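Data block for protein.cif (mmCIF, C-alpha atoms):
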data_start
loop_
_atom_site.label_atom_id
_atom_site.label_comp_id
_atom_site.auth_asym_id
_atom_site.auth_seq_id
_atom_site.Cartn_x
_atom_site.Cartn_y
_atom_site.Cartn_z
CA MET P 1 -25.25 -22.84 -129.86
CA GLN P 2 -21.94 -24.57 -130.38
CA ILE P 3 -21.47 -27.49 -132.73
CA ASN P 4 -21.01 -30.13 -130.03
CA GLU P 5 -24.29 -29.00 -128.47
CA ALA P 6 -26.05 -29.24 -131.83
CA ILE P 7 -24.71 -32.76 -132.39
CA LYS P 8 -25.81 -33.75 -128.90
CA LYS P 9 -29.27 -32.35 -129.65
CA GLY P 10 -29.34 -34.61 -132.71
CA SER P 11 -32.40 -33.19 -134.48
CA GLY P 12 -34.37 -30.00 -134.89
CA LYS P 13 -33.54 -26.36 -135.47
CA VAL P 14 -30.05 -25.10 -134.71
CA GLU P 15 -28.21 -21.78 -134.98
CA LEU P 16 -24.46 -22.08 -135.40
CA LYS P 17 -21.49 -19.72 -135.71
CA GLY P 18 -18.03 -20.65 -136.91
CA TRP P 19 -15.56 -20.89 -139.76
CA ILE P 20 -15.59 -22.90 -142.96
CA TYR P 21 -13.31 -25.89 -142.54
CA ARG P 22 -13.96 -27.50 -145.94
CA GLU P 23 -16.09 -26.54 -148.95
CA ARG P 24 -17.33 -28.40 -152.01
CA LYS P 25 -19.55 -26.67 -154.57
CA GLY P 26 -21.89 -27.99 -157.24
CA LYS P 27 -24.37 -26.27 -159.52
CA GLU P 28 -27.37 -27.10 -157.37
CA ILE P 29 -25.86 -27.93 -153.99
CA ILE P 30 -23.02 -26.69 -151.79
CA PHE P 31 -21.44 -28.71 -149.00
CA LEU P 32 -19.77 -26.71 -146.24
CA VAL P 33 -18.05 -28.24 -143.24
CA LEU P 34 -18.35 -25.75 -140.39
CA ARG P 35 -15.95 -25.71 -137.47
CA ASP P 36 -15.87 -24.02 -134.10
CA SER P 37 -13.79 -24.71 -131.02
CA THR P 38 -15.85 -27.77 -130.12
CA ASP P 39 -16.22 -29.83 -133.32
CA ILE P 40 -17.08 -29.84 -137.03
CA VAL P 41 -20.39 -30.49 -138.79
CA GLN P 42 -21.41 -30.78 -142.43
CA CYS P 43 -23.86 -28.15 -143.67
CA VAL P 44 -25.82 -28.46 -146.92
CA LEU P 45 -27.09 -25.51 -148.97
CA LYS P 46 -29.55 -26.30 -151.77
CA LYS P 47 -29.97 -23.73 -154.54
CA GLU P 48 -33.74 -24.11 -154.50
CA ASN P 49 -33.88 -22.69 -150.97
CA PHE P 50 -32.16 -19.35 -151.76
CA ASP P 51 -32.73 -16.41 -154.05
CA LYS P 52 -30.20 -15.44 -156.70
CA LYS P 53 -28.24 -12.94 -154.59
CA GLU P 54 -28.01 -15.27 -151.62
CA TRP P 55 -26.84 -18.16 -153.82
CA GLU P 56 -24.15 -15.96 -155.39
CA LYS P 57 -22.91 -15.14 -151.89
CA ALA P 58 -22.85 -18.83 -151.02
CA GLU P 59 -20.84 -19.60 -154.15
CA LYS P 60 -18.16 -17.12 -153.03
CA ILE P 61 -17.67 -18.72 -149.62
CA LEU P 62 -14.09 -19.97 -149.19
CA VAL P 63 -12.26 -21.92 -146.51
CA GLU P 64 -11.96 -19.87 -143.26
CA THR P 65 -14.87 -17.56 -144.10
CA SER P 66 -16.72 -16.86 -140.85
CA VAL P 67 -20.47 -17.43 -140.98
CA LYS P 68 -23.71 -17.73 -139.05
CA ILE P 69 -25.97 -20.59 -140.06
CA GLU P 70 -29.56 -21.57 -139.25
CA GLY P 71 -31.08 -24.88 -140.22
CA GLU P 72 -32.30 -28.34 -139.29
CA ILE P 73 -29.81 -30.89 -137.98
CA LYS P 74 -30.28 -34.61 -138.52
CA GLU P 75 -28.26 -37.78 -138.29
CA ASP P 76 -26.35 -38.75 -141.45
CA LYS P 77 -23.71 -41.43 -141.12
CA ARG P 78 -22.06 -40.30 -144.37
CA ALA P 79 -21.19 -36.91 -142.85
CA PRO P 80 -17.77 -36.40 -141.17
CA THR P 81 -19.17 -36.40 -137.62
CA GLY P 82 -22.37 -38.35 -138.34
CA TYR P 83 -24.70 -35.34 -138.53
CA GLU P 84 -25.73 -32.87 -141.20
CA VAL P 85 -27.40 -29.44 -141.14
CA ASN P 86 -29.88 -28.58 -143.89
CA VAL P 87 -29.28 -24.81 -144.10
CA GLY P 88 -32.26 -22.48 -144.43
CA LYS P 89 -30.44 -19.22 -143.71
CA PHE P 90 -26.83 -18.07 -143.60
CA GLU P 91 -24.89 -14.86 -143.06
CA VAL P 92 -21.29 -14.18 -144.06
CA VAL P 93 -19.71 -12.41 -141.10
CA GLY P 94 -16.13 -12.16 -142.29
CA GLY P 95 -15.14 -12.76 -145.90
CA CYS P 96 -11.95 -14.57 -146.79
CA GLU P 97 -9.29 -14.50 -149.47
CA ASP P 98 -7.77 -17.75 -150.73
CA PHE P 99 -6.41 -19.30 -147.54
CA PRO P 100 -2.62 -19.71 -147.91
CA ILE P 101 -2.47 -23.03 -146.06
CA THR P 102 -3.36 -26.13 -148.05
CA LYS P 103 -2.38 -29.78 -147.75
CA ASP P 104 1.18 -31.10 -147.70
CA GLN P 105 3.05 -27.91 -146.86
CA SER P 106 6.43 -27.89 -145.17
CA PRO P 107 6.82 -27.57 -141.38
CA GLU P 108 8.79 -24.35 -141.83
CA PHE P 109 6.03 -22.79 -143.97
CA LEU P 110 3.48 -23.74 -141.33
CA LEU P 111 5.65 -22.12 -138.66
CA ASP P 112 5.92 -18.96 -140.80
CA LYS P 113 2.10 -18.95 -140.96
CA ARG P 114 1.65 -20.01 -137.36
CA HIS P 115 -0.81 -17.20 -136.69
CA LEU P 116 -3.12 -18.92 -139.19
CA TRP P 117 -2.09 -22.55 -138.67
CA ILE P 118 -3.16 -22.44 -135.02
CA ARG P 119 -6.73 -22.67 -136.35
CA SER P 120 -6.11 -26.26 -137.48
CA ARG P 121 -7.92 -29.11 -135.76
CA ARG P 122 -4.56 -30.78 -135.10
CA LEU P 123 -3.08 -27.85 -133.19
CA ASN P 124 -6.35 -27.13 -131.42
CA SER P 125 -6.44 -30.74 -130.22
CA ILE P 126 -2.91 -30.32 -128.85
CA PHE P 127 -3.77 -27.03 -127.17
CA LYS P 128 -6.85 -28.54 -125.52
CA ILE P 129 -4.65 -31.30 -124.13
CA ARG P 130 -2.12 -28.66 -123.06
CA SER P 131 -4.84 -26.80 -121.18
CA GLU P 132 -5.90 -29.99 -119.41
CA VAL P 133 -2.29 -30.82 -118.46
CA PHE P 134 -1.98 -27.38 -116.82
CA LYS P 135 -5.31 -27.83 -115.00
CA ALA P 136 -4.40 -31.31 -113.77
CA THR P 137 -1.01 -30.15 -112.52
CA ARG P 138 -2.53 -27.32 -110.50
CA GLU P 139 -5.23 -29.59 -109.14
CA PHE P 140 -2.69 -32.22 -108.09
CA PHE P 141 -0.64 -29.79 -106.03
CA ASP P 142 -3.69 -27.98 -104.67
CA ASN P 143 -5.03 -31.30 -103.40
CA LEU P 144 -1.74 -31.89 -101.55
CA GLY P 145 -1.97 -28.52 -99.82
CA TYR P 146 0.76 -26.79 -101.83
CA ALA P 147 0.59 -23.02 -102.25
CA GLU P 148 0.94 -21.64 -105.79
CA THR P 149 3.58 -18.92 -105.84
CA HIS P 150 5.38 -16.83 -108.43
CA CYS P 151 8.96 -15.64 -108.63
CA PRO P 152 10.81 -13.06 -110.77
CA ILE P 153 11.29 -13.54 -114.51
CA LEU P 154 14.17 -11.03 -114.39
CA THR P 155 16.95 -12.33 -112.15
CA PRO P 156 20.53 -11.35 -111.26
CA ASN P 157 21.67 -14.97 -110.83
CA ALA P 158 22.21 -18.08 -112.90
CA CYS P 159 20.55 -21.28 -111.71
CA GLU P 160 21.40 -23.86 -114.36
CA GLY P 161 24.66 -22.54 -115.78
CA GLY P 162 25.75 -19.08 -116.93
CA SER P 163 26.37 -20.07 -120.56
CA ASN P 164 22.65 -20.66 -121.12
CA LEU P 165 21.43 -17.24 -119.93
CA PHE P 166 19.56 -14.62 -121.94
CA GLU P 167 20.96 -11.22 -120.98
CA VAL P 168 18.53 -8.28 -120.70
CA LYS P 169 19.31 -4.57 -120.36
CA TYR P 170 17.87 -3.35 -117.06
CA PHE P 171 18.09 0.47 -116.93
CA ASN P 172 21.84 1.05 -116.45
CA ASP P 173 22.52 -2.54 -115.43
CA LYS P 174 21.87 -6.01 -116.79
CA VAL P 175 19.83 -8.98 -115.60
CA TYR P 176 18.86 -12.34 -117.07
CA LEU P 177 15.67 -14.12 -118.07
CA THR P 178 14.97 -16.82 -115.52
CA GLN P 179 16.12 -20.40 -116.10
CA SER P 180 14.10 -21.63 -113.11
CA TRP P 181 12.29 -20.28 -110.06
CA GLN P 182 14.29 -22.62 -107.83
CA LEU P 183 16.58 -20.30 -105.90
CA TYR P 184 13.69 -18.02 -104.94
CA ALA P 185 11.49 -21.03 -104.19
CA GLU P 186 14.06 -22.25 -101.68
CA ALA P 187 13.61 -18.97 -99.81
CA LEU P 188 9.82 -19.30 -99.79
CA ILE P 189 9.69 -22.82 -98.31
CA PHE P 190 10.95 -21.49 -94.96
CA GLY P 191 7.57 -19.82 -94.61
CA LEU P 192 5.12 -21.72 -96.80
CA GLU P 193 6.86 -25.13 -96.61
CA LYS P 194 5.13 -26.63 -99.70
CA ILE P 195 4.93 -24.57 -102.89
CA TYR P 196 4.60 -24.90 -106.65
CA THR P 197 4.48 -22.79 -109.77
CA ILE P 198 3.80 -23.11 -113.48
CA ALA P 199 5.77 -20.42 -115.25
CA PRO P 200 7.86 -19.62 -118.33
CA CYS P 201 11.58 -20.36 -118.32
CA PHE P 202 14.31 -19.38 -120.76
CA ARG P 203 17.45 -21.25 -121.84
CA ALA P 204 19.86 -19.83 -124.41
CA GLU P 205 20.88 -23.29 -125.60
CA LYS P 206 22.25 -23.34 -129.13
CA SER P 207 20.26 -26.41 -129.99
CA LYS P 208 18.23 -27.11 -133.11
CA THR P 209 16.74 -30.44 -132.05
CA SER P 210 13.06 -31.39 -132.07
CA ARG P 211 13.16 -31.48 -128.23
CA HIS P 212 14.32 -27.97 -127.43
CA LEU P 213 12.68 -24.57 -127.06
CA THR P 214 14.37 -21.41 -125.85
CA GLU P 215 11.15 -20.27 -124.15
CA PHE P 216 9.14 -22.97 -122.43
CA TRP P 217 6.95 -23.62 -119.39
CA MET P 218 7.88 -25.59 -116.30
CA ALA P 219 5.85 -26.89 -113.41
CA GLU P 220 8.16 -26.69 -110.42
CA MET P 221 7.68 -27.65 -106.79
CA GLU P 222 9.77 -27.17 -103.66
CA ALA P 223 9.07 -28.54 -100.22
CA ALA P 224 10.67 -28.55 -96.79
CA TRP P 225 11.37 -31.74 -94.88
CA ILE P 226 11.38 -34.15 -97.84
CA ASP P 227 14.20 -36.32 -99.19
CA LEU P 228 14.92 -37.76 -102.64
CA GLY P 229 12.70 -40.81 -102.15
CA LYS P 230 9.64 -38.73 -101.27
CA LEU P 231 10.43 -36.28 -104.08
CA ILE P 232 10.44 -39.07 -106.67
CA GLU P 233 7.18 -40.44 -105.31
CA ILE P 234 5.50 -37.04 -105.79
CA ALA P 235 6.85 -36.81 -109.36
CA GLU P 236 5.54 -40.28 -110.21
CA LYS P 237 2.11 -39.55 -108.78
CA LEU P 238 1.89 -36.22 -110.60
CA LEU P 239 2.59 -37.83 -113.97
CA GLU P 240 0.14 -40.64 -113.30
CA TYR P 241 -2.51 -38.07 -112.32
CA ILE P 242 -1.98 -36.09 -115.53
CA ILE P 243 -2.17 -39.16 -117.76
CA LYS P 244 -5.35 -40.37 -116.09
CA ARG P 245 -6.95 -36.94 -116.57
CA ILE P 246 -6.05 -36.76 -120.26
CA LEU P 247 -7.41 -40.25 -120.93
CA GLU P 248 -10.67 -39.24 -119.23
CA LYS P 249 -11.08 -35.79 -120.77
CA ASN P 250 -9.28 -35.82 -124.12
CA LYS P 251 -9.91 -39.10 -125.92
CA LYS P 252 -11.47 -37.22 -128.82
CA GLU P 253 -8.38 -35.04 -129.23
CA LEU P 254 -6.06 -38.05 -128.92
CA ASP P 255 -8.09 -39.73 -131.66
CA ILE P 256 -7.74 -36.69 -133.95
CA LEU P 257 -3.98 -36.88 -133.34
CA LYS P 258 -4.06 -40.64 -134.06
CA ARG P 259 -2.36 -41.30 -130.73
CA ASP P 260 -2.07 -44.95 -129.64
CA ILE P 261 -3.58 -44.58 -126.18
CA SER P 262 -2.54 -48.10 -125.15
CA LYS P 263 0.92 -46.59 -124.67
CA LEU P 264 -0.56 -44.20 -122.10
CA GLU P 265 -2.91 -46.64 -120.41
CA ASN P 266 0.16 -48.60 -119.28
CA ILE P 267 1.48 -45.68 -117.23
CA LYS P 268 0.94 -46.79 -113.62
CA THR P 269 3.14 -46.11 -110.61
CA PRO P 270 5.59 -47.02 -109.26
CA PHE P 271 8.15 -46.62 -112.05
CA GLU P 272 11.41 -48.52 -112.11
CA ARG P 273 14.38 -46.77 -110.51
CA ILE P 274 18.02 -47.29 -111.42
CA THR P 275 21.21 -45.35 -110.73
CA TYR P 276 23.27 -43.60 -113.36
CA THR P 277 25.93 -46.30 -112.88
CA ASP P 278 23.32 -49.02 -113.49
CA ALA P 279 22.24 -47.21 -116.66
CA LEU P 280 25.81 -47.33 -117.99
CA LYS P 281 25.92 -51.08 -117.37
CA ILE P 282 22.71 -51.61 -119.35
CA LEU P 283 24.07 -49.52 -122.22
CA GLU P 284 27.37 -51.39 -122.17
CA LYS P 285 25.52 -54.70 -122.64
CA ASP P 286 23.99 -53.10 -125.75
CA GLY P 287 27.46 -52.26 -127.05
CA ILE P 288 27.30 -48.57 -126.05
CA LYS P 289 30.32 -47.66 -123.94
CA ILE P 290 30.04 -44.44 -121.91
CA ASN P 291 32.85 -43.21 -119.71
CA TRP P 292 31.66 -42.78 -116.13
CA GLY P 293 31.07 -39.11 -115.43
CA LYS P 294 29.79 -38.20 -118.87
CA ASP P 295 26.18 -37.03 -119.06
CA LEU P 296 23.72 -39.12 -121.05
CA ARG P 297 22.91 -37.74 -124.48
CA THR P 298 19.65 -38.16 -126.38
CA ILE P 299 20.99 -41.13 -128.31
CA GLU P 300 21.94 -42.95 -125.10
CA GLU P 301 18.64 -42.12 -123.39
CA ASP P 302 16.74 -43.48 -126.38
CA ALA P 303 18.79 -46.69 -126.38
CA LEU P 304 18.24 -47.11 -122.65
CA MET P 305 14.47 -46.64 -122.85
CA LYS P 306 14.12 -49.54 -125.30
CA HIS P 307 14.38 -51.73 -122.19
CA PHE P 308 11.44 -50.07 -120.40
CA GLU P 309 7.69 -49.80 -121.09
CA LYS P 310 7.01 -47.16 -118.44
CA PRO P 311 8.85 -43.95 -117.54
CA LEU P 312 12.22 -44.58 -115.90
CA ILE P 313 13.75 -42.87 -112.86
CA ILE P 314 17.54 -42.48 -113.01
CA THR P 315 19.20 -41.35 -109.78
CA HIS P 316 22.65 -40.37 -108.52
CA TYR P 317 24.28 -38.74 -111.50
CA PRO P 318 27.96 -37.72 -111.23
CA LYS P 319 28.34 -34.76 -108.87
CA GLU P 320 30.87 -33.08 -111.16
CA ALA P 321 28.29 -32.82 -113.96
CA MET P 322 25.52 -31.43 -111.77
CA ALA P 323 24.38 -27.91 -110.83
CA PHE P 324 25.98 -26.34 -107.76
CA TYR P 325 22.95 -26.82 -105.47
CA LYS P 326 22.81 -30.63 -105.78
CA PRO P 327 24.47 -32.24 -102.75
CA LYS P 328 26.94 -35.09 -102.62
CA ASP P 329 25.61 -38.44 -101.48
CA GLU P 330 26.85 -39.19 -97.94
CA LYS P 331 27.62 -42.78 -98.96
CA ASP P 332 29.44 -41.87 -102.19
CA ASP P 333 30.70 -38.33 -102.68
CA LYS P 334 31.20 -38.89 -106.42
CA VAL P 335 27.43 -38.79 -107.03
CA ALA P 336 24.71 -36.24 -106.34
CA VAL P 337 21.38 -36.87 -104.59
CA CYS P 338 19.25 -36.20 -107.67
CA PHE P 339 17.06 -37.79 -110.32
CA ASP P 340 15.81 -37.48 -113.88
CA MET P 341 12.67 -39.10 -115.26
CA LEU P 342 12.76 -40.34 -118.85
CA ALA P 343 9.62 -40.84 -120.91
CA THR P 344 8.97 -43.85 -123.09
CA GLU P 345 8.98 -43.90 -126.91
CA GLY P 346 12.12 -41.80 -127.23
CA TYR P 347 10.81 -38.58 -125.65
CA GLY P 348 13.71 -38.22 -123.24
CA GLU P 349 13.90 -36.32 -119.97
CA ILE P 350 10.61 -34.89 -118.71
CA PHE P 351 11.42 -34.36 -115.00
CA GLY P 352 14.56 -33.34 -113.16
CA GLY P 353 15.00 -32.79 -109.44
CA SER P 354 17.16 -33.18 -106.37
CA GLN P 355 17.62 -32.65 -102.72
CA ARG P 356 19.22 -29.25 -102.09
CA ASP P 357 22.65 -28.85 -100.58
CA ILE P 358 22.44 -27.17 -97.16
CA ASP P 359 26.22 -27.04 -96.55
CA ILE P 360 27.41 -23.45 -97.07
CA GLU P 361 31.04 -24.37 -97.66
CA GLU P 362 30.15 -27.01 -100.25
CA LEU P 363 27.92 -24.50 -102.02
CA LYS P 364 30.72 -21.95 -102.10
CA LYS P 365 33.14 -24.49 -103.57
CA ALA P 366 30.65 -25.48 -106.25
CA LEU P 367 29.89 -21.86 -107.15
CA LYS P 368 33.58 -20.98 -107.43
CA LYS P 369 34.13 -24.01 -109.65
CA GLU P 370 31.38 -22.75 -111.97
CA GLY P 371 33.07 -19.33 -112.10
CA GLU P 372 30.32 -17.56 -110.17
CA LYS P 373 30.90 -14.63 -107.82
CA ILE P 374 30.03 -15.68 -104.28
CA GLU P 375 28.81 -12.19 -103.32
CA LYS P 376 25.99 -12.46 -105.88
CA TYR P 377 24.70 -15.50 -104.00
CA GLU P 378 25.01 -14.21 -100.44
CA TRP P 379 21.24 -13.88 -100.17
CA TYR P 380 20.94 -17.56 -101.19
CA LEU P 381 23.59 -18.62 -98.67
CA ASP P 382 21.64 -16.76 -95.98
CA LEU P 383 19.00 -19.48 -96.33
CA ARG P 384 21.57 -21.89 -94.86
CA ARG P 385 22.61 -19.51 -92.08
CA TYR P 386 19.20 -18.98 -90.55
CA GLY P 387 17.34 -22.14 -89.61
CA SER P 388 18.05 -24.30 -92.63
CA VAL P 389 16.19 -27.60 -93.04
CA PRO P 390 16.39 -30.51 -95.50
CA HIS P 391 14.39 -29.70 -98.62
CA SER P 392 13.96 -30.86 -102.20
CA GLY P 393 12.29 -29.92 -105.46
CA PHE P 394 11.81 -30.81 -109.11
CA GLY P 395 10.85 -29.30 -112.42
CA MET P 396 8.58 -30.86 -115.05
CA GLY P 397 8.93 -29.65 -118.63
CA MET P 398 5.33 -28.99 -119.68
CA GLU P 399 6.00 -29.03 -123.41
CA ARG P 400 8.01 -32.25 -123.23
CA VAL P 401 5.22 -33.98 -121.31
CA ILE P 402 2.63 -32.68 -123.78
CA ALA P 403 4.71 -33.80 -126.77
CA TRP P 404 4.94 -37.29 -125.29
CA ILE P 405 1.25 -37.52 -124.38
CA CYS P 406 0.25 -36.39 -127.89
CA GLY P 407 2.86 -38.52 -129.66
CA LEU P 408 4.31 -35.54 -131.55
CA ASP P 409 7.40 -35.54 -133.76
CA ASN P 410 8.41 -32.04 -132.73
CA ILE P 411 8.05 -30.08 -129.49
CA LYS P 412 7.32 -26.89 -131.47
CA ASP P 413 3.71 -28.01 -131.91
CA THR P 414 3.08 -28.11 -128.15
CA ILE P 415 3.06 -24.32 -127.75
CA PRO P 416 1.10 -21.75 -129.79
CA PHE P 417 4.05 -19.59 -130.84
CA PRO P 418 7.33 -21.52 -130.40
CA ARG P 419 10.65 -19.80 -129.79
CA THR P 420 13.82 -21.58 -130.82
CA MET P 421 17.41 -20.71 -131.67
CA LEU P 422 16.31 -19.92 -135.24
CA ARG P 423 12.75 -18.69 -134.72
CA LYS P 424 11.47 -15.58 -132.97
CA GLU P 425 8.52 -14.78 -135.28
CA PRO P 426 5.60 -14.44 -135.69
#
What does this structure look like when you write it as structure tokens?
Amino acid sequence: MQINEAIKKGSGKVELKGWIYRERKGKEIIFLVLRDSTDIVQCVLKKENFDKKEWEKAEKILVETSVKIEGEIKEDKRAPTGYEVNVGKFEVVGGCEDFPITKDQSPEFLLDKRHLWIRSRRLNSIFKIRSEVFKATREFFDNLGYAETHCPILTPNACEGGSNLFEVKYFNDKVYLTQSWQLYAEALIFGLEKIYTIAPCFRAEKSKTSRHLTEFWMAEMEAAWIDLGKLIEIAEKLLEYIIKRILEKNKKELDILKRDISKLENIKTPFERITYTDALKILEKDGIKINWGKDLRTIEEDALMKHFEKPLIITHYPKEAMAFYKPKDEKDDKVAVCFDMLATEGYGEIFGGSQRDIDIEELKKALKKEGEKIEKYEWYLDLRRYGSVPHSGFGMGMERVIAWICGLDNIKDTIPFPRTMLRKEP
């Protein structure tokens, strides 16, 4: 029986297995807080109920000792979760040395001991929310008739800029860890039409901020016959669907994280949409002058989002600053037909997407400008030679969305074993 089941039962005999979360020992009584993946419960051992050898074993129990416990559960409002188990029998399954993690230790120490820190209720609450975000994302696309597909992790091409690639030795050649599935996804939509994936991506960005990981997960979709307006609508609905699911399924975890859920309950579609040029005008009124054509940095995104209580859609960024596959707007060739979605509360960009350029000559120009060899992209250009159609897609950064939902200070806590510019262990 798991702890949540025992608490639901409320009274009577229970048999529990788990790890010691907290311990407090007296001469005649020992209080143990037991945890498993579902919850915690206070367990009481009274000396009078055990022989000498058993009591000596109980006195040696330390935090993170694994145990089996049998006893009677009853309601006790003084206990951490409102219930208490009067223990009649216990078995130490796995002994424990002094656990190296105590209160008030530095974030770097906790990252060094990540293999142990992932046992914490805080991280487990985050990981449960993470699991639900993944489930909700798959369910959303499945309900829309999208096919889940998977593309290579090892690729010969850059997608988001060659300077951010991780190079990998591939027999007598070299390849790169994928930045995105997008180029391969564009090939697949000519057969499947509507597809999605949730997969790891890699960016060799030399960034040490609380928002960046070098290895992260993205939910990406690609679909034939849709334009930017429809693409944004799908992105909005996906985020709304995820938030609704988390509020339904994970209120307990949000409470453990002390998350103000009123911030999430306000997330209803549609979101406000402005252009990049409009964004610069808002910033200028705040005394922040940005030269047109310059990408928005974190500091400018944060300043901009102070004006909005829901996620914000920014469209039509400068073409010169965009990836090669984003097309020029027919009405203004200085901007690209694309969007970013910014989260509230200073969490920055969580979605990015665009229509895809279907003009071969424009793609060649853009690739040459980025210093890429056209012959490496001939397979991609073939997609425009043989029955091309309008199509669009976006990527959602799973860890960024999770960090925002959980109200975390650092994205590193959204993933069990984070990889950053300075961290590749454990």
The residue from P:Tyr241, P:Phe31, P:Tyr377, P:Phe109 with the smallest atom-to-atom distance to Pro156 in chain P, counting only C-alpha atoms, is P:Tyr377
Quick check on the file I pasted: which residues fall under the PyMOL selection byres ((chain P and resi 383) around 12)? Write them as an NGL selection string.
:P and (183-191 or 356-360 or 363 or 377-382 or 384-391)
For Arg273 in chain P, work out the shell of residues within 12 Å, counting only C-alpha atoms and skipping chain neighbours fewer than 4 positions away, then give it as a PyMOL selection string.
chain P and resi 228-229+232-233+236+269+277-279+308+310-316+338-342
Choose the residue, out of P:Pro416, P:Gly348, P:Pro426, P:Gly95, that has the smallest atom-to-atom separation from Thr298 in chain P; count only C-alpha atoms.
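Using only C-alpha atoms, Thr298 in chain P sits closest to P:Gly348.
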Could you write out as a list of chain:residue names the residues that the PyMOL selection byres ((chain P and resi 329) around 12) matches in the shown file?
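In the shown coordinates, the PyMOL selection byres ((chain P and resi 329) around 12) covers P:Asp227, P:Leu228, P:Thr315, P:His316, P:Tyr317, P:Pro318, P:Lys319, P:Lys326, P:Pro327, P:Lys328, P:Glu330, P:Lys331, P:Asp332, P:Asp333, P:Lys334, P:Val335, P:Ala336, P:Val337, P:Cys338, P:Ser354, P:Gln355, P:Arg356, P:Asp357.
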Could you write out the selected residues, including C-alpha atoms, as a short mmCIF file (atom, residue, chain, number, x, y, z; two decimals), in the coordinates of the input?
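The resulting file, selection-v9.cif, is reproduced below:
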data_model
loop_
_atom_site.label_atom_id
_atom_site.label_comp_id
_atom_site.auth_asym_id
_atom_site.auth_seq_id
_atom_site.Cartn_x
_atom_site.Cartn_y
_atom_site.Cartn_z
CA ASP P 227 14.20 -36.32 -99.19
CA LEU P 228 14.92 -37.76 -102.64
CA THR P 315 19.20 -41.35 -109.78
CA HIS P 316 22.65 -40.37 -108.52
CA TYR P 317 24.28 -38.74 -111.50
CA PRO P 318 27.96 -37.72 -111.23
CA LYS P 319 28.34 -34.76 -108.87
CA LYS P 326 22.81 -30.63 -105.78
CA PRO P 327 24.47 -32.24 -102.75
CA LYS P 328 26.94 -35.09 -102.62
CA GLU P 330 26.85 -39.19 -97.94
CA LYS P 331 27.62 -42.78 -98.96
CA ASP P 332 29.44 -41.87 -102.19
CA ASP P 333 30.70 -38.33 -102.68
CA LYS P 334 31.20 -38.89 -106.42
CA VAL P 335 27.43 -38.79 -107.03
CA ALA P 336 24.71 -36.24 -106.34
CA VAL P 337 21.38 -36.87 -104.59
CA CYS P 338 19.25 -36.20 -107.67
CA SER P 354 17.16 -33.18 -106.37
CA GLN P 355 17.62 -32.65 -102.72
CA ARG P 356 19.22 -29.25 -102.09
CA ASP P 357 22.65 -28.85 -100.58
#
So which one's closest to Glu28 in chain P, P:Leu16, P:Met1, P:Ala199, P:Leu45? Using all atoms listed in the file, please.
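Among the listed residues, the smallest separation from Glu28 in chain P belongs to P:Leu45.
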Return as a list in words the set of residues that the PyMOL selection byres ((chain P and resi 135-149) around 6) yields on the displayed structure.
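Applying the expression gives Glu132, Val133, Phe134, His150, Lys194, Ile195, Tyr196, Thr197 and Ile242 of chain P.
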Using all atoms listed in the file, which residues sit within 9 Å of Asp413 in chain P once same-chain residues fewer than 4 positions away are excluded, as JSON, numbers by chain?
{"P": [123, 126, 127, 399, 403, 408, 409, 417, 418]}
Output the selection as a CSV table (one decimal), keeping the file's coordinate frame - C-alpha atoms for each residue.
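Dumped everything to out-v4.csv:
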chain,number,residue,atom,x,y,z
P,123,LEU,CA,-3.1,-27.8,-133.2
P,126,ILE,CA,-2.9,-30.3,-128.8
P,127,PHE,CA,-3.8,-27.0,-127.2
P,399,GLU,CA,6.0,-29.0,-123.4
P,403,ALA,CA,4.7,-33.8,-126.8
P,408,LEU,CA,4.3,-35.5,-131.6
P,409,ASP,CA,7.4,-35.5,-133.8
P,417,PHE,CA,4.0,-19.6,-130.8
P,418,PRO,CA,7.3,-21.5,-130.4
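Proximity of P:Ile69, P:Cys201, P:Ala366, P:Leu165 to Glu215 in chain P, computed with only C-alpha atoms, is greatest for P:Cys201.
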Fewer than 6 positions away in the same chain doesn't count, so skip those; otherwise give me all residues within 7 Å of Phe202 in chain P, counting all atoms listed in the file, as a PyMOL selection string.
chain P and resi 177-179+214-216
Option closest in space to Glu345 in chain P, from P:Arg121, P:Glu160, P:Ile405, P:Pro152 [counting all atoms listed in the file]:
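Residue with the minimum atom-to-atom distance to Glu345 in chain P: P:Ile405.
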Near-Asn157 in chain P list (8 Å; all atoms listed in the file; drop same-chain fewer than 5 positions) as a PyMOL selection string:
chain P and resi 175-176+376-377
Can you work out the spacing between CA of Arg400 in chain P and CA of Ser180 in chain P in Å, to one decimal?
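So the answer is 15.9 Å.
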CA of Glu167 in chain P to CA of Lys369 in chain P measures 21.6 Å
For Asn291 in chain P, please output as a VMD selection string all residues within 12 Å (counting all atoms listed in the file; exclusion window: fewer than 3 positions along the same chain).
chain P and resid 276 to 277 279 to 281 283 to 284 288 294 to 296 318
Minimum-distance residue to His212 in chain P, chosen among P:Tyr347, P:Asn4, P:Glu48, P:Gly71 (using all atoms listed in the file):
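Closest residue, counting all atoms listed in the file: P:Tyr347.
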CA of Tyr21 in chain P to CA of Glu64 in chain P, straight-line distance in Å
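Separation of CA of Glu64 in chain P and CA of Tyr21 in chain P: 6.2 Å.
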Just need the box for range 335-353 of chain P, edges along x, y and z, holding every atom the file lists for it with 8 Å tacked onto each side, so centre and edge lengths in Å to one decimal, as lines of an AutoDock Vina configuration file.
center_x = 18.2
center_y = -38.3
center_z = -115.9
size_x = 34.5
size_y = 27.1
size_z = 38.6
So which residues are close to (-16.2, -19.1, -139.5), meaning at most 6 Å away in the file's coordinates with all atoms listed in the file counted, and can you show them as JSON, numbers by chain?
{"P": [18, 19, 20, 64, 65, 66, 67]}
